[in-house]
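See below for query_28.json, which holds JSON, C-alpha atoms.
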```json
[["chain", "number", "residue", "atom", "x", "y", "z"],
["A", 6, "MET", "CA", -40.41, -42.86, 41.16],
["A", 7, "LEU", "CA", -37.80, -45.27, 39.80],
["A", 8, "PHE", "CA", -39.13, -44.65, 36.28],
["A", 9, "LEU", "CA", -38.70, -40.87, 36.72],
["A", 10, "LYS", "CA", -35.12, -41.37, 37.93],
["A", 11, "ILE", "CA", -34.30, -43.53, 34.92],
["A", 12, "ASN", "CA", -35.80, -40.96, 32.54],
["A", 13, "PHE", "CA", -33.84, -38.19, 34.26],
["A", 14, "VAL", "CA", -30.59, -40.15, 33.88],
["A", 15, "GLU", "CA", -31.34, -40.85, 30.20],
["A", 16, "ILE", "CA", -32.10, -37.17, 29.54],
["A", 17, "THR", "CA", -28.92, -36.11, 31.34],
["A", 18, "MET", "CA", -26.85, -38.61, 29.35],
["A", 19, "LYS", "CA", -28.36, -37.46, 26.07],
["A", 20, "THR", "CA", -27.75, -33.81, 26.98],
["A", 21, "ASN", "CA", -24.11, -34.51, 27.88],
["A", 22, "LEU", "CA", -23.69, -36.51, 24.66],
["A", 23, "LYS", "CA", -25.12, -33.66, 22.58],
["A", 24, "SER", "CA", -22.85, -31.20, 24.40],
["A", 25, "ALA", "CA", -19.80, -33.35, 23.72],
["A", 26, "ILE", "CA", -20.75, -33.72, 20.04],
["A", 27, "MET", "CA", -21.22, -29.96, 19.73],
["A", 28, "LYS", "CA", -17.83, -29.30, 21.31],
["A", 29, "LYS", "CA", -16.13, -31.74, 18.94],
["A", 30, "LEU", "CA", -17.96, -30.17, 16.00],
["A", 31, "MET", "CA", -16.82, -26.71, 17.05],
["A", 32, "LEU", "CA", -13.21, -27.92, 17.36],
["A", 33, "VAL", "CA", -13.40, -29.43, 13.88],
["A", 34, "LEU", "CA", -14.80, -26.19, 12.42],
["A", 35, "ILE", "CA", -12.14, -24.09, 14.15],
["A", 36, "SER", "CA", -9.40, -26.42, 12.90],
["A", 37, "LEU", "CA", -10.74, -26.22, 9.34],
["A", 38, "ALA", "CA", -10.94, -22.42, 9.55],
["A", 39, "LEU", "CA", -7.32, -22.21, 10.74],
["A", 40, "LEU", "CA", -6.25, -24.60, 7.98],
["A", 41, "PHE", "CA", -7.97, -22.57, 5.25],
["A", 42, "THR", "CA", -6.53, -19.34, 6.68],
["A", 43, "ALA", "CA", -3.04, -20.81, 6.70],
["A", 44, "GLN", "CA", -3.43, -22.01, 3.11],
["A", 45, "ALA", "CA", -4.69, -18.60, 2.03],
["A", 46, "GLN", "CA", -1.77, -16.88, 3.73],
["A", 47, "GLU", "CA", 0.68, -19.19, 2.00],
["A", 48, "LYS", "CA", -0.46, -17.79, -1.36],
["A", 49, "LYS", "CA", 0.59, -14.27, -0.41],
["A", 50, "VAL", "CA", 4.07, -13.88, 1.03],
["A", 51, "GLU", "CA", 5.34, -10.54, 2.27],
["A", 52, "SER", "CA", 8.26, -9.21, 0.29],
["A", 53, "LYS", "CA", 11.58, -9.52, 2.14],
["A", 54, "ASN", "CA", 13.35, -7.09, -0.18],
["A", 55, "LYS", "CA", 14.38, -3.74, 1.25],
["A", 56, "PRO", "CA", 14.08, -0.49, -0.73],
["A", 57, "SER", "CA", 17.15, 1.61, -1.49],
["A", 58, "GLU", "CA", 17.86, 4.61, 0.71],
["A", 59, "ASP", "CA", 16.00, 7.14, -1.46],
["A", 60, "LEU", "CA", 12.84, 5.06, -1.75],
["A", 61, "GLU", "CA", 13.04, 4.14, 1.93],
["A", 62, "ASN", "CA", 13.23, 7.85, 2.80],
["A", 63, "LEU", "CA", 10.19, 8.55, 0.62],
["A", 64, "GLN", "CA", 8.34, 5.75, 2.38],
["A", 65, "LEU", "CA", 9.29, 7.24, 5.76],
["A", 66, "ALA", "CA", 8.11, 10.66, 4.59],
["A", 67, "TYR", "CA", 4.73, 9.23, 3.58],
["A", 68, "GLN", "CA", 4.36, 7.52, 6.95],
["A", 69, "LEU", "CA", 5.22, 10.75, 8.80],
["A", 70, "ALA", "CA", 2.80, 12.70, 6.65],
["A", 71, "LYS", "CA", 0.05, 10.17, 7.32],
["A", 72, "TYR", "CA", 0.68, 10.52, 11.06],
["A", 73, "GLY", "CA", 0.69, 14.31, 10.73],
["A", 74, "TYR", "CA", -2.67, 14.33, 8.97],
["A", 75, "LYS", "CA", -4.16, 11.91, 11.48],
["A", 76, "THR", "CA", -3.01, 13.91, 14.53],
["A", 77, "TYR", "CA", -3.18, 17.38, 12.95],
["A", 78, "SER", "CA", 0.51, 17.78, 13.72],
["A", 79, "ALA", "CA", 2.29, 20.53, 11.81],
["A", 80, "ALA", "CA", 5.63, 19.34, 13.19],
["A", 81, "ALA", "CA", 5.21, 15.83, 11.76],
["A", 82, "LEU", "CA", 4.18, 17.23, 8.37],
["A", 83, "ILE", "CA", 7.18, 19.56, 8.33],
["A", 84, "GLU", "CA", 9.54, 16.65, 9.05],
["A", 85, "ALA", "CA", 7.89, 14.66, 6.25],
["A", 86, "ALA", "CA", 8.35, 17.61, 3.88],
["A", 87, "LYS", "CA", 12.02, 17.95, 4.89],
["A", 88, "ILE", "CA", 12.66, 14.31, 4.03],
["A", 89, "MET", "CA", 10.79, 14.57, 0.73],
["A", 90, "SER", "CA", 12.67, 17.70, -0.31],
["A", 91, "SER", "CA", 15.99, 16.00, 0.47],
["A", 92, "VAL", "CA", 15.29, 13.23, -2.05],
["A", 93, "LYS", "CA", 15.83, 14.11, -5.71],
["A", 94, "THR", "CA", 12.60, 13.24, -7.49],
["A", 95, "GLN", "CA", 11.14, 13.79, -10.93],
["A", 96, "ASP", "CA", 7.88, 12.98, -12.67],
["A", 97, "LEU", "CA", 7.72, 9.26, -13.37],
["A", 98, "LYS", "CA", 8.53, 8.65, -17.03],
["A", 99, "TYR", "CA", 6.42, 5.94, -18.62],
["A", 100, "GLU", "CA", 5.58, 4.95, -22.19],
["A", 101, "SER", "CA", 1.89, 4.27, -21.55],
["A", 102, "TYR", "CA", -0.69, 4.10, -18.77],
["A", 103, "LYS", "CA", -4.22, 2.74, -18.72],
["A", 104, "GLN", "CA", -7.05, 1.64, -16.47],
["A", 105, "ASP", "CA", -8.32, -1.87, -17.14],
["A", 106, "PRO", "CA", -11.28, -2.04, -16.91],
["A", 107, "THR", "CA", -12.87, 1.40, -16.49],
["A", 108, "PRO", "CA", -16.21, 0.85, -14.72],
["A", 109, "LYS", "CA", -18.68, 3.68, -15.23],
["A", 110, "ALA", "CA", -20.36, 3.00, -11.89],
["A", 111, "GLN", "CA", -17.35, 4.23, -9.91],
["A", 112, "ASP", "CA", -16.51, 7.89, -9.53],
["A", 113, "THR", "CA", -13.03, 9.11, -8.75],
["A", 114, "LYS", "CA", -12.71, 10.15, -5.15],
["A", 115, "LYS", "CA", -10.65, 12.96, -3.83],
["A", 116, "SER", "CA", -7.73, 11.74, -1.79],
["A", 117, "LYS", "CA", -8.32, 12.14, 1.91],
["A", 118, "GLU", "CA", -5.11, 14.14, 2.00],
["A", 119, "GLY", "CA", -2.40, 15.15, -0.44],
["A", 120, "TYR", "CA", 1.00, 13.48, -0.24],
["A", 121, "ASP", "CA", 2.87, 15.73, -2.63],
["A", 122, "LEU", "CA", 5.21, 18.31, -1.10],
["A", 123, "THR", "CA", 2.95, 21.30, -1.78],
["A", 124, "SER", "CA", -0.12, 19.68, -0.17],
["A", 125, "ILE", "CA", 1.88, 18.62, 2.89],
["A", 126, "LEU", "CA", 3.27, 22.12, 3.43],
["A", 127, "ASP", "CA", -0.18, 23.70, 2.91],
["A", 128, "ALA", "CA", -1.60, 21.41, 5.60],
["A", 129, "ALA", "CA", 1.34, 22.18, 7.89],
["A", 130, "LYS", "CA", 0.59, 25.91, 7.60],
["A", 131, "LYS", "CA", -3.02, 25.24, 8.52],
["A", 132, "TYR", "CA", -2.13, 23.10, 11.54],
["A", 133, "ALA", "CA", 0.63, 25.49, 12.68],
["A", 134, "ASP", "CA", -2.12, 27.84, 13.86],
["A", 135, "GLY", "CA", 0.11, 30.91, 13.59],
["A", 136, "ASP", "CA", 3.07, 29.47, 15.52],
["A", 137, "PRO", "CA", 6.06, 31.59, 14.31],
["A", 138, "LYS", "CA", 8.63, 28.79, 14.75],
["A", 139, "LEU", "CA", 6.60, 26.29, 12.77],
["A", 140, "LEU", "CA", 5.84, 28.83, 10.03],
["A", 141, "ALA", "CA", 9.53, 29.71, 9.78],
["A", 142, "ALA", "CA", 10.40, 26.02, 9.43],
["A", 143, "ILE", "CA", 7.86, 25.72, 6.61],
["A", 144, "VAL", "CA", 9.44, 28.67, 4.79],
["A", 145, "ASP", "CA", 12.87, 27.01, 5.11],
["A", 146, "VAL", "CA", 11.57, 23.81, 3.49],
["A", 147, "GLU", "CA", 9.94, 25.81, 0.67],
["A", 148, "LYS", "CA", 13.20, 27.66, -0.01],
["A", 149, "ALA", "CA", 15.18, 24.41, -0.02],
["A", 150, "ASN", "CA", 12.70, 22.89, -2.45],
["A", 151, "GLN", "CA", 12.96, 25.87, -4.81],
["A", 152, "ALA", "CA", 16.75, 25.59, -4.75],
["A", 153, "THR", "CA", 16.72, 21.92, -5.76],
["A", 154, "ARG", "CA", 13.71, 21.98, -8.13],
["A", 155, "GLY", "CA", 14.45, 20.89, -11.66],
["A", 156, "ARG", "CA", 17.31, 18.55, -10.86],
["A", 157, "VAL", "CA", 17.45, 15.55, -13.17],
["A", 158, "GLY", "CA", 17.70, 12.07, -11.77],
["A", 159, "GLY", "CA", 16.49, 10.33, -8.65],
["A", 160, "PRO", "CA", 13.24, 8.45, -8.13],
["A", 161, "GLY", "CA", 10.37, 9.05, -10.51],
["A", 162, "VAL", "CA", 7.07, 9.63, -8.71],
["A", 163, "ASN", "CA", 3.48, 9.50, -9.99],
["A", 164, "TYR", "CA", 0.12, 9.96, -8.24],
["A", 165, "SER", "CA", -2.90, 8.17, -9.65],
["A", 166, "TYR", "CA", -5.76, 5.80, -8.76],
["A", 167, "VAL", "CA", -7.06, 2.32, -9.54],
["A", 168, "TYR", "CA", -10.75, 1.41, -9.65],
["A", 169, "GLY", "CA", -12.23, -1.19, -7.31],
["A", 170, "ASN", "CA", -11.60, -4.73, -8.63],
["A", 171, "GLY", "CA", -9.68, -3.11, -11.48],
["A", 172, "ASN", "CA", -6.12, -2.72, -12.76],
["A", 173, "ALA", "CA", -3.79, 0.18, -13.47],
["A", 174, "ILE", "CA", -1.06, -0.64, -15.98],
["A", 175, "TYR", "CA", 2.17, 1.23, -16.70],
["A", 176, "ASP", "CA", 4.75, 0.50, -19.40],
["A", 177, "ILE", "CA", 8.14, 1.66, -18.07],
["A", 178, "SER", "CA", 11.64, 1.18, -19.48],
["A", 179, "PHE", "CA", 14.54, -0.01, -17.31],
["A", 180, "ARG", "CA", 18.24, -0.46, -18.13],
["A", 181, "GLU", "CA", 20.13, -3.72, -18.48],
["A", 182, "GLY", "CA", 22.28, -4.74, -15.51],
["A", 183, "GLN", "CA", 21.05, -1.92, -13.23],
["A", 184, "LEU", "CA", 18.88, -2.45, -10.17],
["A", 185, "ALA", "CA", 15.24, -1.62, -10.92],
["A", 186, "GLU", "CA", 12.96, -0.70, -7.99],
["A", 187, "ILE", "CA", 9.27, 0.09, -7.67],
["A", 188, "LEU", "CA", 7.59, 1.30, -4.49],
["A", 189, "LEU", "CA", 3.77, 1.48, -4.33],
["A", 190, "ARG", "CA", 1.65, 2.92, -1.53],
["A", 191, "GLY", "CA", -2.14, 3.18, -1.58],
["A", 192, "ASP", "CA", -4.53, 5.24, 0.54],
["A", 193, "GLY", "CA", -5.28, 2.38, 2.93],
["A", 194, "ASP", "CA", -8.81, 1.64, 1.70],
["A", 195, "THR", "CA", -8.11, -1.65, -0.12],
["A", 196, "ASP", "CA", -5.44, -4.30, -0.73],
["A", 197, "LEU", "CA", -3.20, -3.54, -3.71],
["A", 198, "ASP", "CA", -0.94, -6.08, -5.43],
["A", 199, "LEU", "CA", 2.00, -5.27, -7.71],
["A", 200, "TYR", "CA", 3.25, -7.37, -10.65],
["A", 201, "VAL", "CA", 6.03, -6.73, -13.18],
["A", 202, "TYR", "CA", 6.23, -8.49, -16.58],
["A", 203, "ASP", "CA", 8.91, -8.34, -19.26],
["A", 204, "SER", "CA", 8.21, -7.65, -22.95],
["A", 205, "LEU", "CA", 7.59, -11.37, -23.52],
["A", 206, "GLY", "CA", 4.91, -11.52, -20.82],
["A", 207, "HIS", "CA", 7.03, -13.34, -18.23],
["A", 208, "LEU", "CA", 6.39, -12.48, -14.58],
["A", 209, "ILE", "CA", 9.62, -10.90, -13.30],
["A", 210, "ALA", "CA", 8.68, -9.68, -9.81],
["A", 211, "LYS", "CA", 5.65, -9.34, -7.57],
["A", 212, "ASP", "CA", 4.46, -8.20, -4.16],
["A", 213, "ASP", "CA", 0.98, -9.55, -3.39],
["A", 214, "ASP", "CA", 0.66, -9.44, 0.38],
["A", 215, "TYR", "CA", -2.51, -8.23, 2.13],
["A", 216, "THR", "CA", -1.60, -4.52, 2.27],
["A", 217, "ASP", "CA", -1.52, -1.65, -0.20],
["A", 218, "LEU", "CA", 2.19, -1.06, 0.46],
["A", 219, "CYS", "CA", 4.23, -2.93, -2.16],
["A", 220, "TYR", "CA", 7.90, -3.05, -3.12],
["A", 221, "VAL", "CA", 9.71, -5.04, -5.82],
["A", 222, "CYS", "CA", 13.21, -5.01, -7.24],
["A", 223, "TRP", "CA", 15.07, -6.93, -9.95],
["A", 224, "VAL", "CA", 18.01, -6.56, -12.34],
["A", 225, "PRO", "CA", 16.93, -6.53, -16.02],
["A", 226, "VAL", "CA", 18.95, -8.78, -18.34],
["A", 227, "TRP", "CA", 18.27, -6.38, -21.23],
["A", 228, "THR", "CA", 17.27, -2.76, -21.67],
["A", 229, "GLY", "CA", 13.62, -2.51, -22.57],
["A", 230, "ARG", "CA", 10.04, -1.89, -21.64],
["A", 231, "PHE", "CA", 8.42, -3.63, -18.67],
["A", 232, "THR", "CA", 4.73, -3.80, -17.82],
["A", 233, "VAL", "CA", 3.90, -2.76, -14.27],
["A", 234, "LYS", "CA", 0.45, -3.97, -13.22],
["A", 235, "ILE", "CA", -1.32, -2.69, -10.10],
["A", 236, "VAL", "CA", -4.31, -4.82, -9.05],
["A", 237, "ASN", "CA", -6.97, -3.50, -6.67],
["A", 238, "ARG", "CA", -8.38, -6.43, -4.68],
["A", 239, "GLY", "CA", -11.09, -4.36, -3.03],
["A", 240, "PRO", "CA", -14.49, -3.09, -4.22],
["A", 241, "ILE", "CA", -13.69, 0.66, -4.09],
["A", 242, "LEU", "CA", -11.23, 3.01, -5.75],
["A", 243, "ASN", "CA", -7.75, 3.39, -4.22],
["A", 244, "ASN", "CA", -5.58, 6.49, -4.69],
["A", 245, "PHE", "CA", -1.92, 5.45, -4.87],
["A", 246, "ARG", "CA", 1.60, 6.82, -5.19],
["A", 247, "ILE", "CA", 4.15, 4.92, -7.24],
["A", 248, "ALA", "CA", 7.90, 5.59, -7.24],
["A", 249, "THR", "CA", 10.76, 4.06, -9.22],
["A", 250, "ASN", "CA", 14.50, 4.50, -8.74]]
```
Show this structure as structure tokens.
Amino acid sequence: MLFLKINFVEITMKTNLKSAIMKKLMLVLISLALLFTAQAQEKKVESKNKPSEDLENLQLAYQLAKYGYKTYSAAALIEAAKIMSSVKTQDLKYESYKQDPTPKAQDTKKSKEGYDLTSILDAAKKYADGDPKLLAAIVDVEKANQATRGRVGGPGVNYSYVYGNGNAIYDISFREGQLAEILLRGDGDTDLDLYVYDSLGHLIAKDDDYTDLCYVCWVPVWTGRFTVKIVNRGPILNNFRIATN
């Protein structure tokens, strides 16, 4: 009987010891995981720069449009269209554009929804479901857009895509001594990073946080061409919108 008690005590002690070791091991693993996460986060710092009013309004319009598509809200899409039509925009002027690399295995995908003014208003008409007030508001936005169409100046906007694990590269000219801004917004499917290099290959600005919403700004010391590189960190294609001031 005494022998059984001793064995029971030994087994209990060994079990408690194993449990304590396992707990310590788990704490060590959790600590290491937190440490590696912290180190990884240190490599990507969210940009603290704030876009100018025009680009900020375009960003707000995109967010409203995204909400409108998600909730099938004609009202939200109309408000997004109003903001977009109030900002003077033109087609983004660039010297060159390329995809690097161009994998044959990936097909272009249709954007889940269009973020240009025409697509937003078309969706608003669909979601309005015949409501006369909403339809009248849409007509007002269309008339306002026709009245301001063709104006020169304001942000340049371009819609394109970047392959999974690939790059999209623009060459764009900016003026000496004037604030240069670039706003990038993807479709939400992958992380996009944005880098700007001067003609000598020096990194001028970057936004490489863990989202596909990027913004950079700088003041060029000379007038010339800058290389704007968009890097897709995910495995699938990302449709994006890029705007410059």
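Counting all atoms listed in the file and comparing A:Ile174, A:Asp105, A:Lys131, A:Leu188, the residue that lies closest to Leu65 (chain A) is A:Leu188.
Picture a line from CA of Asp134 (chain A) to CA of Leu69 (chain A); it runs 19.3 Å.
With all atoms listed in the file as the atoms that count, the minimum distance from Lys138 (chain A) to the choices A:Thr195, A:Ile83, A:Tyr72, A:Ala66 is reached by A:Ile83.
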Protein, DNA and RNA residues within 12 Å of (-1.8, 3.8, 1.5), only C-alpha atoms, as number ranges by chain: A: 64, 67-68, 70-72, 116-120, 164, 166, 188-197, 216-219, 242-247
Radius query 9 Å about (17.5, -4.6, -22.2), atoms used: all atoms listed in the file, as a PyMOL selection string: chain A and resi 178-182+225-230
Length of the CA of Ile177 (chain A) to CA of Thr232 (chain A) vector [Å]: 6.4 Å
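Closest approach to Cys222 (chain A) among A:Glu186, A:Arg238, A:Asn250, A:Asp145 is made by A:Glu186 (distances from only C-alpha atoms).
Here CA of Leu199 (chain A) and CA of Asp212 (chain A) stand 5.2 Å from one another.
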Who sits within 7 Å of Tyr132 (chain A), all atoms listed in the file, same chain under 5 positions skipped, as a PyMOL selection string: chain A and resi 77-79
Residue neighbourhood region 88-92 of chain A, 7 Å, only C-alpha atoms, exclusion window fewer than 6 positions, as a VMD selection string: chain A and resid 59 62 to 63 66 122 150
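Residue nearest Gly239 (chain A) within the list A:Leu126, A:Ala81, A:Val162, A:Val167: A:Val167 [criterion: smallest interatomic distance, all atoms listed in the file].
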Close residues, Thr123 (chain A) itself excluded, 9 Å, all atoms listed in the file, min 5 positions apart in chain, as an NGL selection string: :A and (86 or 128 or 147)
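Of the listed residues (A:Asp121, A:Glu100, A:Glu84, A:Asp176), A:Asp176 comes nearest to Asp203 (chain A); the distances count all atoms listed in the file.
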Kindly compute an axis-aligned box around the listed atoms of region 74-90 of chain A, allowing 5 Å on each side, and express its centre and edge lengths in Å to one decimal as JSON.
```
{"center_x": 4.3, "center_y": 16.2, "center_z": 7.1, "size_x": 26.8, "size_y": 18.6, "size_z": 24.8}
```
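Among the candidates A:Asn237, A:Thr94, A:Gln151, A:Ala133, the residue lying nearest to Ala80 (chain A) is A:Ala133 (atoms considered: only C-alpha atoms).
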